[in-house]
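The next block is coords36.pdb, given as PDB, C-alpha atoms.
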```pdb
ATOM      1  CA  MET A   1       0.000   0.000   0.000  1.00  0.00           C
ATOM      2  CA  SER A   2       1.357   3.426  -0.930  1.00  0.00           C
ATOM      3  CA  ASP A   3       2.124   6.122   1.640  1.00  0.00           C
ATOM      4  CA  LYS A   4      -0.581   8.275   0.089  1.00  0.00           C
ATOM      5  CA  GLN A   5      -3.178   5.525   0.533  1.00  0.00           C
ATOM      6  CA  LYS A   6      -2.073   4.935   4.122  1.00  0.00           C
ATOM      7  CA  ILE A   7      -2.564   8.630   4.885  1.00  0.00           C
ATOM      8  CA  LEU A   8      -5.966   8.664   3.193  1.00  0.00           C
ATOM      9  CA  ASP A   9      -7.070   5.576   5.140  1.00  0.00           C
ATOM     10  CA  LEU A  10      -6.031   7.221   8.408  1.00  0.00           C
ATOM     11  CA  LEU A  11      -7.946  10.379   7.558  1.00  0.00           C
ATOM     12  CA  LYS A  12     -11.036   8.316   6.763  1.00  0.00           C
ATOM     13  CA  GLU A  13     -10.957   7.127  10.381  1.00  0.00           C
ATOM     14  CA  SER A  14     -10.264  10.423  12.152  1.00  0.00           C
ATOM     15  CA  GLU A  15      -9.309  14.088  11.899  1.00  0.00           C
ATOM     16  CA  LEU A  16      -5.539  14.488  12.120  1.00  0.00           C
ATOM     17  CA  THR A  17      -2.714  16.990  11.709  1.00  0.00           C
ATOM     18  CA  THR A  18       0.440  16.186   9.760  1.00  0.00           C
ATOM     19  CA  LEU A  19       2.258  15.722  13.080  1.00  0.00           C
ATOM     20  CA  GLN A  20      -0.326  13.183  14.258  1.00  0.00           C
ATOM     21  CA  ILE A  21      -0.060  11.357  10.918  1.00  0.00           C
ATOM     22  CA  LYS A  22       3.733  11.255  11.355  1.00  0.00           C
ATOM     23  CA  GLU A  23       3.375   9.731  14.824  1.00  0.00           C
ATOM     24  CA  LYS A  24       0.944   7.053  13.614  1.00  0.00           C
ATOM     25  CA  LEU A  25       2.718   6.075  10.375  1.00  0.00           C
ATOM     26  CA  ASP A  26       6.349   6.797  11.211  1.00  0.00           C
ATOM     27  CA  LEU A  27       6.925   8.588   7.879  1.00  0.00           C
ATOM     28  CA  SER A  28       9.068  11.646   7.278  1.00  0.00           C
ATOM     29  CA  ILE A  29       7.248  14.958   7.502  1.00  0.00           C
ATOM     30  CA  ASP A  30       8.257  15.736   3.886  1.00  0.00           C
ATOM     31  CA  ILE A  31       6.599  12.556   2.593  1.00  0.00           C
ATOM     32  CA  ILE A  32       3.480  13.366   4.596  1.00  0.00           C
ATOM     33  CA  ARG A  33       3.326  16.973   3.377  1.00  0.00           C
ATOM     34  CA  THR A  34       3.795  15.909  -0.250  1.00  0.00           C
ATOM     35  CA  ASN A  35       1.064  13.304  -0.038  1.00  0.00           C
ATOM     36  CA  VAL A  36      -1.300  15.571   1.896  1.00  0.00           C
ATOM     37  CA  TRP A  37      -0.801  18.221  -0.811  1.00  0.00           C
ATOM     38  CA  ARG A  38      -1.596  15.652  -3.522  1.00  0.00           C
ATOM     39  CA  LEU A  39      -4.653  14.335  -1.707  1.00  0.00           C
ATOM     40  CA  LYS A  40      -5.918  17.878  -1.204  1.00  0.00           C
ATOM     41  CA  HIS A  41      -5.543  18.695  -4.889  1.00  0.00           C
ATOM     42  CA  GLU A  42      -7.304  15.450  -5.804  1.00  0.00           C
ATOM     43  CA  ASN A  43     -10.179  16.567  -3.535  1.00  0.00           C
ATOM     44  CA  LYS A  44      -9.768  13.459  -1.403  1.00  0.00           C
ATOM     45  CA  ILE A  45      -9.072  15.326   1.839  1.00  0.00           C
ATOM     46  CA  LYS A  46      -9.892  18.782   3.150  1.00  0.00           C
ATOM     47  CA  GLU A  47      -8.807  21.169   5.892  1.00  0.00           C
ATOM     48  CA  ILE A  48     -11.283  21.470   8.743  1.00  0.00           C
ATOM     49  CA  GLY A  49      -9.434  23.669  11.222  1.00  0.00           C
ATOM     50  CA  ARG A  50      -6.244  24.237  13.125  1.00  0.00           C
ATOM     51  CA  ASP A  51      -4.585  22.859  16.214  1.00  0.00           C
ATOM     52  CA  GLY A  52      -2.127  25.579  17.110  1.00  0.00           C
ATOM     53  CA  ARG A  53       0.079  25.969  14.053  1.00  0.00           C
ATOM     54  CA  PHE A  54      -0.959  22.643  12.545  1.00  0.00           C
ATOM     55  CA  ILE A  55      -3.791  22.211  10.039  1.00  0.00           C
ATOM     56  CA  ILE A  56      -6.322  19.482  10.776  1.00  0.00           C
ATOM     57  CA  TYR A  57      -7.268  17.276   7.819  1.00  0.00           C
ATOM     58  CA  VAL A  58     -10.056  14.789   7.211  1.00  0.00           C
ATOM     59  CA  ALA A  59     -11.014  12.557   4.276  1.00  0.00           C
ATOM     60  CA  VAL A  60     -13.749  13.907   2.034  1.00  0.00           C
ATOM     61  CA  LYS A  61     -16.937  11.940   1.743  1.00  0.00           C
ATOM     62  CA  LYS A  62     -17.871  11.439  -1.903  1.00  0.00           C
ATOM     63  CA  GLU A  63     -21.118  13.326  -1.474  1.00  0.00           C
ATOM     64  CA  ASP A  64     -19.427  16.401   0.076  1.00  0.00           C
ATOM     65  CA  PRO A  65     -21.278  19.353  -1.546  1.00  0.00           C
ATOM     66  CA  ILE A  66     -18.282  21.705  -1.445  1.00  0.00           C
ATOM     67  CA  ILE A  67     -16.164  19.263  -3.432  1.00  0.00           C
ATOM     68  CA  LEU A  68     -19.004  18.667  -5.880  1.00  0.00           C
ATOM     69  CA  LEU A  69     -19.368  22.424  -6.399  1.00  0.00           C
ATOM     70  CA  LYS A  70     -15.621  22.785  -7.006  1.00  0.00           C
ATOM     71  CA  GLN A  71     -15.754  20.000  -9.579  1.00  0.00           C
ATOM     72  CA  LEU A  72     -18.810  21.546 -11.239  1.00  0.00           C
ATOM     73  CA  ASN A  73     -17.040  24.901 -11.363  1.00  0.00           C
ATOM     74  CA  GLU A  74     -14.001  23.328 -13.070  1.00  0.00           C
ATOM     75  CA  ILE A  75     -16.293  21.691 -15.644  1.00  0.00           C
ATOM     76  CA  MET A  76     -18.106  24.972 -16.302  1.00  0.00           C
ATOM     77  CA  ILE A  77     -14.811  26.835 -16.805  1.00  0.00           C
ATOM     78  CA  GLU A  78     -13.732  24.271 -19.403  1.00  0.00           C
ATOM     79  CA  TYR A  79     -17.173  24.410 -21.036  1.00  0.00           C
ATOM     80  CA  MET A  80     -16.985  28.210 -21.325  1.00  0.00           C
ATOM     81  CA  LYS A  81     -13.522  27.985 -22.918  1.00  0.00           C
ATOM     82  CA  VAL A  82     -14.928  25.670 -25.593  1.00  0.00           C
ATOM     83  CA  ILE A  83     -18.081  27.741 -26.160  1.00  0.00           C
ATOM     84  CA  LYS A  84     -16.083  30.946 -26.698  1.00  0.00           C
ATOM     85  CA  LYS A  85     -14.224  29.307 -29.583  1.00  0.00           C
ATOM     86  CA  LEU A  86     -17.351  28.169 -31.457  1.00  0.00           C
ATOM     87  CA  PRO A  87     -18.719  30.063 -34.462  1.00  0.00           C
ATOM     88  CA  ALA A  88     -22.131  31.761 -34.077  1.00  0.00           C
ATOM     89  CA  ASP A  89     -24.073  29.109 -36.039  1.00  0.00           C
ATOM     90  CA  LYS A  90     -22.826  26.388 -33.680  1.00  0.00           C
ATOM     91  CA  LEU A  91     -23.926  28.462 -30.683  1.00  0.00           C
ATOM     92  CA  GLU A  92     -27.469  28.591 -32.077  1.00  0.00           C
ATOM     93  CA  ILE A  93     -27.541  24.781 -32.162  1.00  0.00           C
ATOM     94  CA  ILE A  94     -26.361  24.614 -28.553  1.00  0.00           C
ATOM     95  CA  ASP A  95     -29.093  27.093 -27.542  1.00  0.00           C
ATOM     96  CA  LYS A  96     -31.738  24.939 -29.245  1.00  0.00           C
ATOM     97  CA  ILE A  97     -30.458  21.820 -27.480  1.00  0.00           C
ATOM     98  CA  GLY A  98     -30.646  23.699 -24.190  1.00  0.00           C
ATOM     99  CA  GLU A  99     -34.273  24.695 -24.917  1.00  0.00           C
ATOM    100  CA  LEU A 100     -35.160  21.074 -25.688  1.00  0.00           C
ATOM    101  CA  ILE A 101     -33.657  19.896 -22.426  1.00  0.00           C
ATOM    102  CA  GLU A 102     -35.519  22.562 -20.455  1.00  0.00           C
ATOM    103  CA  ASN A 103     -38.846  21.578 -22.015  1.00  0.00           C
ATOM    104  CA  GLU A 104     -38.585  17.900 -21.010  1.00  0.00           C
TER     105      GLU A 104
END
```
Please lay out the structure from this file as structure tokens.
Amino acid sequence: MSDKQKILDLLKESELTTLQIKEKLDLSIDIIRTNVWRLKHENKIKEIGRDGRFIIYVAVKKEDPIILLKQLNEIMIEYMKVIKKLPADKLEIIDKIGELIENE
């Protein structure tokens, strides 16, 4: 099992700081920080507070609405980039498809 997966499994069980993760897994703080950073950017964990100077992390439940909104926002940004590049006649088709969907 990878270090990243071990950290994720721990955070599924409880809320922990990087120092607490280090104590439980006996990994270097650099390995923990790297993997916490990756897990955060993969939306698998999130920050929920602080314990002194340490950030407290927890695993994200799949149905977490904040994560879903972030993912939806990323999709919409990509969608808008594509739409801006389309010629006007293609935009009319997209509008008509949108109207059809609304009317269902």
Once the PyMOL selection byres ((chain A and resi 43) around 9) has been evaluated on this model, what residues remain selected, and can you format them as a PyMOL selection string? chain A and resi 38-42+44-46+59-60+67+70-71
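What the PyMOL selection byres ((chain A and resi 11-23) around 9) matches in the given file is Lys6, Ile7, Leu8, Asp9, Leu10, Lys24, Leu25, Asp26, Leu27, Ser28, Ile29, Ile32, Arg33, Val36, Ile45, Ile48, Arg50, Asp51, Phe54, Ile55, Ile56, Tyr57, Val58, Ala59, Val60 and Lys61 of chain A.
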What does the file look like for those residues with C-alpha atoms, as a PDB file, in the frame of the given file?
```pdb
ATOM      1  CA  LYS A   6      -2.073   4.935   4.122  1.00  0.00           C
ATOM      2  CA  ILE A   7      -2.564   8.630   4.885  1.00  0.00           C
ATOM      3  CA  LEU A   8      -5.966   8.664   3.193  1.00  0.00           C
ATOM      4  CA  ASP A   9      -7.070   5.576   5.140  1.00  0.00           C
ATOM      5  CA  LEU A  10      -6.031   7.221   8.408  1.00  0.00           C
ATOM      6  CA  LYS A  24       0.944   7.053  13.614  1.00  0.00           C
ATOM      7  CA  LEU A  25       2.718   6.075  10.375  1.00  0.00           C
ATOM      8  CA  ASP A  26       6.349   6.797  11.211  1.00  0.00           C
ATOM      9  CA  LEU A  27       6.925   8.588   7.879  1.00  0.00           C
ATOM     10  CA  SER A  28       9.068  11.646   7.278  1.00  0.00           C
ATOM     11  CA  ILE A  29       7.248  14.958   7.502  1.00  0.00           C
ATOM     12  CA  ILE A  32       3.480  13.366   4.596  1.00  0.00           C
ATOM     13  CA  ARG A  33       3.326  16.973   3.377  1.00  0.00           C
ATOM     14  CA  VAL A  36      -1.300  15.571   1.896  1.00  0.00           C
ATOM     15  CA  ILE A  45      -9.072  15.326   1.839  1.00  0.00           C
ATOM     16  CA  ILE A  48     -11.283  21.470   8.743  1.00  0.00           C
ATOM     17  CA  ARG A  50      -6.244  24.237  13.125  1.00  0.00           C
ATOM     18  CA  ASP A  51      -4.585  22.859  16.214  1.00  0.00           C
ATOM     19  CA  PHE A  54      -0.959  22.643  12.545  1.00  0.00           C
ATOM     20  CA  ILE A  55      -3.791  22.211  10.039  1.00  0.00           C
ATOM     21  CA  ILE A  56      -6.322  19.482  10.776  1.00  0.00           C
ATOM     22  CA  TYR A  57      -7.268  17.276   7.819  1.00  0.00           C
ATOM     23  CA  VAL A  58     -10.056  14.789   7.211  1.00  0.00           C
ATOM     24  CA  ALA A  59     -11.014  12.557   4.276  1.00  0.00           C
ATOM     25  CA  VAL A  60     -13.749  13.907   2.034  1.00  0.00           C
ATOM     26  CA  LYS A  61     -16.937  11.940   1.743  1.00  0.00           C
TER      27      LYS A  61
END
```
Measuring between all atoms listed in the file, which one of A:Glu47, A:Lys4, A:Gly52, A:Met80 shows the shortest distance to Ile66 (chain A)?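 Of all the options, A:Glu47 lies closest to Ile66 (chain A).
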Interatomic distance between CA of Ser2 (chain A) and CA of Pro65 (chain A)?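 Answer for the CA of Ser2 (chain A) to CA of Pro65 (chain A) separation: 27.7 Å.
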Axis-aligned box for all listed atoms of region 31-43 of chain A, 5 Å per side, centre and edges in Å to one decimal, as JSON:
```
{"center_x": -1.8, "center_y": 15.6, "center_z": -0.6, "size_x": 26.8, "size_y": 16.1, "size_z": 20.4}
```
Have a look at CA of Glu78 (chain A) and CA of Lys62 (chain A) and let me know their distance in Å, one decimal.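 Computed distance, CA of Glu78 (chain A) to CA of Lys62 (chain A), equals 22.1 Å.
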Between CA of Ile77 (chain A) and CA of Lys96 (chain A), distance in Å (one decimal): 21.1 Å
Because some atoms of region 26-49 of chain A are absent here, can you restore N, CA and C atoms and send them as a PDB file, keeping the file's coordinate frame?
```pdb
ATOM      1  N   ASP A  26       4.883   6.788  11.174  1.00  0.00           N
ATOM      2  CA  ASP A  26       6.349   6.797  11.211  1.00  0.00           C
ATOM      3  C   ASP A  26       6.947   7.083   9.825  1.00  0.00           C
ATOM      4  N   LEU A  27       6.407   8.122   9.167  1.00  0.00           N
ATOM      5  CA  LEU A  27       6.925   8.588   7.879  1.00  0.00           C
ATOM      6  C   LEU A  27       7.589   9.940   8.089  1.00  0.00           C
ATOM      7  N   SER A  28       8.450  10.327   7.167  1.00  0.00           N
ATOM      8  CA  SER A  28       9.068  11.646   7.278  1.00  0.00           C
ATOM      9  C   SER A  28       8.008  12.719   7.034  1.00  0.00           C
ATOM     10  N   ILE A  29       8.204  13.866   7.647  1.00  0.00           N
ATOM     11  CA  ILE A  29       7.248  14.958   7.502  1.00  0.00           C
ATOM     12  C   ILE A  29       7.165  15.423   6.045  1.00  0.00           C
ATOM     13  N   ASP A  30       8.271  15.346   5.306  1.00  0.00           N
ATOM     14  CA  ASP A  30       8.257  15.736   3.886  1.00  0.00           C
ATOM     15  C   ASP A  30       7.372  14.808   3.054  1.00  0.00           C
ATOM     16  N   ILE A  31       7.447  13.521   3.309  1.00  0.00           N
ATOM     17  CA  ILE A  31       6.599  12.556   2.593  1.00  0.00           C
ATOM     18  C   ILE A  31       5.135  12.817   2.916  1.00  0.00           C
ATOM     19  N   ILE A  32       4.857  13.088   4.192  1.00  0.00           N
ATOM     20  CA  ILE A  32       3.480  13.366   4.596  1.00  0.00           C
ATOM     21  C   ILE A  32       2.981  14.637   3.940  1.00  0.00           C
ATOM     22  N   ARG A  33       3.756  15.702   3.979  1.00  0.00           N
ATOM     23  CA  ARG A  33       3.326  16.973   3.377  1.00  0.00           C
ATOM     24  C   ARG A  33       3.080  16.829   1.876  1.00  0.00           C
ATOM     25  N   THR A  34       3.962  16.118   1.188  1.00  0.00           N
ATOM     26  CA  THR A  34       3.795  15.909  -0.250  1.00  0.00           C
ATOM     27  C   THR A  34       2.504  15.162  -0.544  1.00  0.00           C
ATOM     28  N   ASN A  35       2.264  14.104   0.205  1.00  0.00           N
ATOM     29  CA  ASN A  35       1.064  13.304  -0.038  1.00  0.00           C
ATOM     30  C   ASN A  35      -0.215  14.005   0.407  1.00  0.00           C
ATOM     31  N   VAL A  36      -0.143  14.780   1.466  1.00  0.00           N
ATOM     32  CA  VAL A  36      -1.300  15.571   1.896  1.00  0.00           C
ATOM     33  C   VAL A  36      -1.622  16.595   0.819  1.00  0.00           C
ATOM     34  N   TRP A  37      -0.601  17.245   0.269  1.00  0.00           N
ATOM     35  CA  TRP A  37      -0.801  18.221  -0.811  1.00  0.00           C
ATOM     36  C   TRP A  37      -1.490  17.550  -2.007  1.00  0.00           C
ATOM     37  N   ARG A  38      -1.001  16.383  -2.385  1.00  0.00           N
ATOM     38  CA  ARG A  38      -1.596  15.652  -3.522  1.00  0.00           C
ATOM     39  C   ARG A  38      -3.040  15.268  -3.243  1.00  0.00           C
ATOM     40  N   LEU A  39      -3.292  14.741  -2.064  1.00  0.00           N
ATOM     41  CA  LEU A  39      -4.653  14.335  -1.707  1.00  0.00           C
ATOM     42  C   LEU A  39      -5.599  15.532  -1.684  1.00  0.00           C
ATOM     43  N   LYS A  40      -5.093  16.668  -1.218  1.00  0.00           N
ATOM     44  CA  LYS A  40      -5.918  17.878  -1.204  1.00  0.00           C
ATOM     45  C   LYS A  40      -6.278  18.302  -2.614  1.00  0.00           C
ATOM     46  N   HIS A  41      -5.305  18.275  -3.507  1.00  0.00           N
ATOM     47  CA  HIS A  41      -5.543  18.695  -4.889  1.00  0.00           C
ATOM     48  C   HIS A  41      -6.350  17.669  -5.691  1.00  0.00           C
ATOM     49  N   GLU A  42      -6.436  16.474  -5.199  1.00  0.00           N
ATOM     50  CA  GLU A  42      -7.304  15.450  -5.804  1.00  0.00           C
ATOM     51  C   GLU A  42      -8.690  15.468  -5.165  1.00  0.00           C
ATOM     52  N   ASN A  43      -8.905  16.432  -4.269  1.00  0.00           N
ATOM     53  CA  ASN A  43     -10.179  16.567  -3.535  1.00  0.00           C
ATOM     54  C   ASN A  43     -10.535  15.318  -2.741  1.00  0.00           C
ATOM     55  N   LYS A  44      -9.523  14.648  -2.214  1.00  0.00           N
ATOM     56  CA  LYS A  44      -9.768  13.459  -1.403  1.00  0.00           C
ATOM     57  C   LYS A  44      -9.724  13.763   0.091  1.00  0.00           C
ATOM     58  N   ILE A  45      -9.073  14.875   0.450  1.00  0.00           N
ATOM     59  CA  ILE A  45      -9.072  15.326   1.839  1.00  0.00           C
ATOM     60  C   ILE A  45      -9.318  16.827   1.843  1.00  0.00           C
ATOM     61  N   LYS A  46      -9.684  17.339   3.026  1.00  0.00           N
ATOM     62  CA  LYS A  46      -9.892  18.782   3.150  1.00  0.00           C
ATOM     63  C   LYS A  46      -9.434  19.241   4.528  1.00  0.00           C
ATOM     64  N   GLU A  47      -9.170  20.550   4.622  1.00  0.00           N
ATOM     65  CA  GLU A  47      -8.807  21.169   5.892  1.00  0.00           C
ATOM     66  C   GLU A  47     -10.097  21.470   6.653  1.00  0.00           C
ATOM     67  N   ILE A  48     -10.077  21.178   7.956  1.00  0.00           N
ATOM     68  CA  ILE A  48     -11.283  21.470   8.743  1.00  0.00           C
ATOM     69  C   ILE A  48     -11.005  22.382   9.928  1.00  0.00           C
ATOM     70  N   GLY A  49      -9.754  22.780  10.108  1.00  0.00           N
ATOM     71  CA  GLY A  49      -9.434  23.669  11.222  1.00  0.00           C
ATOM     72  C   GLY A  49      -7.948  23.651  11.526  1.00  0.00           C
TER      73      GLY A  49
END
```
